[in-house]
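Colleague: Hey, dropping protein37.txt in here, compact mmCIF, C-alpha atoms:
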# COMPACT_ATOMS: atom_id res chain seq x y z
CA MET A 1279 0.00 0.00 0.00
CA PRO A 1280 1.47 3.40 -0.96
CA MET A 1281 2.75 5.66 1.82
CA PHE A 1282 2.12 9.40 2.00
CA MET A 1283 3.54 12.32 3.96
CA ASP A 1284 1.32 15.35 4.20
CA VAL A 1285 2.01 18.78 5.60
CA HIS A 1286 -0.31 21.23 7.36
CA SER A 1287 0.74 24.83 7.86
CA GLY A 1288 -0.71 27.52 10.08
CA MET A 1289 -1.30 25.43 13.19
CA LYS A 1290 0.68 27.72 15.48
CA GLY A 1291 0.09 27.20 19.18
CA LEU A 1292 -1.24 23.66 18.68
CA THR A 1293 -1.27 21.72 21.94
CA ALA A 1294 -0.68 18.01 22.50
CA GLU A 1295 -4.35 17.62 23.34
CA GLN A 1296 -5.47 19.40 20.18
CA LEU A 1297 -3.13 17.24 18.08
CA ARG A 1298 -4.62 14.11 19.64
CA ALA A 1299 -8.15 15.38 19.05
CA GLU A 1300 -7.49 16.26 15.39
CA HIS A 1301 -5.74 12.94 14.80
CA ALA A 1302 -8.73 11.14 16.31
CA LYS A 1303 -10.98 12.85 13.74
CA ASP A 1304 -8.83 11.30 11.00
CA THR A 1305 -8.82 7.83 12.49
CA ALA A 1306 -12.61 8.04 12.98
CA VAL A 1307 -13.19 8.30 9.23
CA GLU A 1308 -10.08 6.76 7.65
CA LYS A 1309 -11.40 3.21 7.31
CA THR A 1310 -14.15 4.22 4.92
CA GLU A 1311 -11.40 5.49 2.59
CA GLY A 1312 -9.07 2.52 3.11
CA VAL A 1313 -6.51 4.84 4.68
CA HIS A 1314 -4.49 4.46 7.87
CA PHE A 1315 -2.73 7.37 9.54
CA HIS A 1316 0.38 5.97 11.20
CA LYS A 1317 1.77 8.97 12.98
CA ALA A 1318 1.86 12.77 13.12
CA TRP A 1319 4.52 15.20 14.34
CA ALA A 1320 3.84 18.83 15.15
CA ASP A 1321 5.80 22.03 15.67
CA PRO A 1322 3.52 24.47 17.53
CA LYS A 1323 6.07 27.26 17.01
CA SER A 1324 5.97 27.30 13.21
CA GLY A 1325 2.51 25.73 12.98
CA LYS A 1326 3.70 22.82 10.81
CA VAL A 1327 2.21 19.35 11.19
CA PHE A 1328 3.53 16.28 9.31
CA CYS A 1329 1.33 13.19 8.94
CA LEU A 1330 2.45 9.77 7.72
CA ALA A 1331 -0.30 7.64 6.21
CA GLU A 1332 -0.83 4.65 3.99
CA GLY A 1333 -3.71 4.39 1.61
CA PRO A 1334 -4.82 3.38 -1.86
CA ASN A 1335 -3.99 6.78 -3.41
CA MET A 1336 -3.37 10.44 -2.66
CA GLU A 1337 -7.00 11.44 -3.19
CA ALA A 1338 -8.17 9.06 -0.47
CA VAL A 1339 -5.67 10.58 1.98
CA ARG A 1340 -6.76 14.07 0.93
CA ARG A 1341 -10.43 13.16 1.49
CA VAL A 1342 -9.83 11.85 5.02
CA HIS A 1343 -8.21 15.12 6.08
CA GLU A 1344 -10.95 17.13 4.38
CA ARG A 1345 -13.73 15.13 6.02
CA ALA A 1346 -11.94 15.53 9.36
CA GLY A 1347 -12.11 19.30 8.89
CA HIS A 1348 -8.38 20.01 8.51
CA PRO A 1349 -7.38 19.76 4.83
CA ALA A 1350 -3.66 19.23 4.18
CA ASP A 1351 -1.70 21.99 2.47
CA GLU A 1352 0.65 19.54 0.75
CA ILE A 1353 0.55 15.77 0.18
CA TYR A 1354 3.42 13.70 -1.19
CA GLU A 1355 3.56 10.04 -2.05
CA VAL A 1356 6.75 8.70 -0.41
CA PRO A 1357 7.54 5.35 -2.05
CA LEU A 1358 11.11 5.40 -0.71
CA SER A 1359 12.14 5.18 2.92
CA VAL A 1360 15.24 4.28 4.87
CA GLU A 1361 16.13 3.81 8.52
CA MET B 93 16.02 14.50 23.50
CA PRO B 94 14.22 16.90 21.12
CA MET B 95 12.90 15.51 17.84
CA PHE B 96 13.22 17.25 14.48
CA MET B 97 11.66 16.88 11.05
CA ASP B 98 13.62 18.37 8.20
CA VAL B 99 12.69 18.79 4.58
CA HIS B 100 14.87 18.69 1.47
CA SER B 101 13.55 19.93 -1.85
CA GLY B 102 14.88 19.48 -5.37
CA MET B 103 15.80 15.79 -5.14
CA LYS B 104 13.77 14.78 -8.17
CA GLY B 105 14.56 11.36 -9.60
CA LEU B 106 16.18 10.17 -6.35
CA THR B 107 16.53 6.37 -6.32
CA ALA B 108 16.28 4.02 -3.34
CA GLU B 109 20.02 3.41 -3.61
CA GLN B 110 20.81 7.12 -3.62
CA LEU B 111 18.56 7.67 -0.59
CA ARG B 112 20.38 4.89 1.27
CA ALA B 113 23.76 6.34 0.29
CA GLU B 114 22.83 9.88 1.39
CA HIS B 115 21.35 8.61 4.65
CA ALA B 116 24.56 6.66 5.30
CA LYS B 117 26.52 9.92 5.00
CA ASP B 118 24.36 11.33 7.81
CA THR B 119 24.74 8.34 10.08
CA ALA B 120 28.51 8.34 9.45
CA VAL B 121 28.90 11.77 11.08
CA GLU B 122 25.85 12.11 13.34
CA LYS B 123 27.48 10.75 16.52
CA THR B 124 30.00 13.56 16.70
CA GLU B 125 27.03 15.97 16.90
CA GLY B 126 24.99 13.85 19.32
CA VAL B 127 22.31 13.41 16.65
CA HIS B 128 20.50 10.29 15.49
CA PHE B 129 18.59 10.14 12.24
CA HIS B 130 15.70 7.75 12.76
CA LYS B 131 14.13 7.56 9.36
CA ALA B 132 13.73 9.32 6.01
CA TRP B 133 10.95 9.24 3.42
CA ALA B 134 11.34 10.40 -0.16
CA ASP B 135 9.14 11.37 -3.08
CA PRO B 136 11.30 11.16 -6.22
CA LYS B 137 8.51 12.77 -8.27
CA SER B 138 8.40 16.09 -6.40
CA GLY B 139 11.97 15.82 -5.11
CA LYS B 140 10.93 16.14 -1.44
CA VAL B 141 12.73 14.22 1.30
CA PHE B 142 11.58 14.22 4.96
CA CYS B 143 14.02 13.19 7.70
CA LEU B 144 13.12 12.47 11.31
CA ALA B 145 15.96 12.95 13.78
CA GLU B 146 16.64 13.44 17.45
CA GLY B 147 19.41 15.61 18.73
CA PRO B 148 20.43 18.21 21.28
CA ASN B 149 19.25 21.16 19.15
CA MET B 150 18.36 22.29 15.64
CA GLU B 151 21.85 23.53 14.85
CA ALA B 152 23.34 20.09 15.51
CA VAL B 153 20.84 18.51 13.09
CA ARG B 154 21.62 21.23 10.55
CA ARG B 155 25.36 20.61 10.85
CA VAL B 156 25.04 16.85 10.27
CA HIS B 157 23.21 17.41 6.98
CA GLU B 158 25.67 20.12 5.97
CA ARG B 159 28.69 17.96 6.74
CA ALA B 160 27.02 15.10 4.84
CA GLY B 161 26.86 17.40 1.79
CA HIS B 162 23.08 17.76 1.56
CA PRO B 163 21.92 20.74 3.66
CA ALA B 164 18.23 20.73 4.62
CA ASP B 165 15.96 23.41 3.17
CA GLU B 166 13.75 23.48 6.27
CA ILE B 167 14.15 22.12 9.82
CA TYR B 168 11.38 22.05 12.43
CA GLU B 169 11.51 20.95 16.03
CA VAL B 170 8.55 18.60 16.54
CA PRO B 171 7.96 18.31 20.30
CA LEU B 172 4.47 16.86 19.74
CA SER B 173 3.63 13.52 18.17
CA VAL B 174 0.72 11.14 18.11
CA GLU B 175 0.08 7.67 16.73
Would you encode the structure as structure tokens?
Modeller:
Amino acid sequence: MPMFMDVHSGMKGLTAEQLRAEHAKDTAVEKTEGVHFHKAWADPKSGKVFCLAEGPNMEAVRRVHERAGHPADEIYEVPLSVE
Amino acid sequence: MPMFMDVHSGMKGLTAEQLRAEHAKDTAVEKTEGVHFHKAWADPKSGKVFCLAEGPNMEAVRRVHERAGHPADEIYEVPLSVE
């Protein structure tokens, strides 16, 4: 299943609780799109949030975030990874 | 230890082998800066690469990428995460 990294901007001042709440909105609807959000990292100072997801295609990932009320500013398919 | 997500742009056409080779350059020097690169994800189509690292501060992360020959375009401290 393809992997995606998406980026949200403008979330300055985001708290840990708010991040959990927003992430829960994604996981509440993701199954109907065949998507799974693995993890998200946030920088409350700059307002950037990075989400790692797998799903059938980019549009499905985009739709989950839209339906959750926080559309992503950028979405990239990331077929390569290394650790 | 603080976590950081950095972003490289302009790496269009990057291959899995090249990603591994570039990542190895980071891990070869990271210890001298007290940094550890956990993982990297790449989109060869857009040329974006996302790296997740932990380290004492942003400057240390910046220096590892610079010494490895591939300076990051953006670096964010990501104190919040959720999964």
Colleague: Select all residues near (-0.6, 10.4, 7.5) (cut-off 10 Å, inclusive, file coordinates), counting all atoms listed in the file, and output them as a PDB file with C-alpha atoms, in the frame of the given file.
Modeller:
ATOM      1  CA  MET A1281       2.750   5.660   1.820  1.00  0.00           C
ATOM      2  CA  PHE A1282       2.120   9.400   2.000  1.00  0.00           C
ATOM      3  CA  MET A1283       3.540  12.320   3.960  1.00  0.00           C
ATOM      4  CA  ASP A1284       1.320  15.350   4.200  1.00  0.00           C
ATOM      5  CA  VAL A1285       2.010  18.780   5.600  1.00  0.00           C
ATOM      6  CA  HIS A1301      -5.740  12.940  14.800  1.00  0.00           C
ATOM      7  CA  ASP A1304      -8.830  11.300  11.000  1.00  0.00           C
ATOM      8  CA  THR A1305      -8.820   7.830  12.490  1.00  0.00           C
ATOM      9  CA  VAL A1313      -6.510   4.840   4.680  1.00  0.00           C
ATOM     10  CA  HIS A1314      -4.490   4.460   7.870  1.00  0.00           C
ATOM     11  CA  PHE A1315      -2.730   7.370   9.540  1.00  0.00           C
ATOM     12  CA  HIS A1316       0.380   5.970  11.200  1.00  0.00           C
ATOM     13  CA  LYS A1317       1.770   8.970  12.980  1.00  0.00           C
ATOM     14  CA  ALA A1318       1.860  12.770  13.120  1.00  0.00           C
ATOM     15  CA  TRP A1319       4.520  15.200  14.340  1.00  0.00           C
ATOM     16  CA  PHE A1328       3.530  16.280   9.310  1.00  0.00           C
ATOM     17  CA  CYS A1329       1.330  13.190   8.940  1.00  0.00           C
ATOM     18  CA  LEU A1330       2.450   9.770   7.720  1.00  0.00           C
ATOM     19  CA  ALA A1331      -0.300   7.640   6.210  1.00  0.00           C
ATOM     20  CA  GLU A1332      -0.830   4.650   3.990  1.00  0.00           C
ATOM     21  CA  GLY A1333      -3.710   4.390   1.610  1.00  0.00           C
ATOM     22  CA  VAL A1339      -5.670  10.580   1.980  1.00  0.00           C
ATOM     23  CA  ARG A1340      -6.760  14.070   0.930  1.00  0.00           C
ATOM     24  CA  VAL A1342      -9.830  11.850   5.020  1.00  0.00           C
ATOM     25  CA  HIS A1343      -8.210  15.120   6.080  1.00  0.00           C
ATOM     26  CA  ALA A1350      -3.660  19.230   4.180  1.00  0.00           C
ATOM     27  CA  ILE A1353       0.550  15.770   0.180  1.00  0.00           C
TER      28      ILE A1353
ATOM     29  CA  GLU B 175       0.080   7.670  16.730  1.00  0.00           C
TER      30      GLU B 175
END
Colleague: One number please: atom CA of B:Ala116 to atom CA of B:Val170, in Å, one decimal.
Modeller: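 Atom-to-atom, atom CA of B:Ala116 to atom CA of B:Val170, that is 22.9 Å.
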Colleague: Identify, on the basis of all atoms listed in the file, every residue whose closest approach to A:Gly1312 does not exceed 7 Å; exclude the query and any residue fewer than 3 positions from it along the same chain; express the result as JSON, numbers by chain.
Modeller: {"A": [1308, 1309, 1333, 1334]}
Colleague: Write the residues of the preceding selection, restricted to C-alpha atoms, as an mmCIF file, in the coordinates of the input.
Modeller:
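Result file again.cif:
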data_model
loop_
_atom_site.group_PDB
_atom_site.id
_atom_site.type_symbol
_atom_site.label_atom_id
_atom_site.label_comp_id
_atom_site.auth_asym_id
_atom_site.auth_seq_id
_atom_site.Cartn_x
_atom_site.Cartn_y
_atom_site.Cartn_z
ATOM 1 C CA GLU A 1308 -10.080 6.760 7.650
ATOM 2 C CA LYS A 1309 -11.400 3.210 7.310
ATOM 3 C CA GLY A 1333 -3.710 4.390 1.610
ATOM 4 C CA PRO A 1334 -4.820 3.380 -1.860
#
Colleague: At what distance in Å, to one decimal, does atom CA of B:Gly102 lie from atom CA of B:Asp165?
Modeller: 9.5 Å
Colleague: For a test of reading the model, state the distance in Å between atom CA of A:Arg1341 and atom CA of A:Lys1323, rounded to one decimal.
Modeller: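 We find that atom CA of A:Arg1341 and atom CA of A:Lys1323 lie 26.7 Å from each other.
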Colleague: With all atoms listed in the file as the basis for distance, which of B:Met93, B:Ala120, B:Leu111, B:Ala160 is at the shortest distance from chain A?
Modeller: B:Leu111
Colleague: Considering all atoms listed in the file, state which residue in the set B:Glu166, B:Asp135, B:Lys140, B:Asn149 is at the smallest distance from chain A.
Modeller: B:Asp135
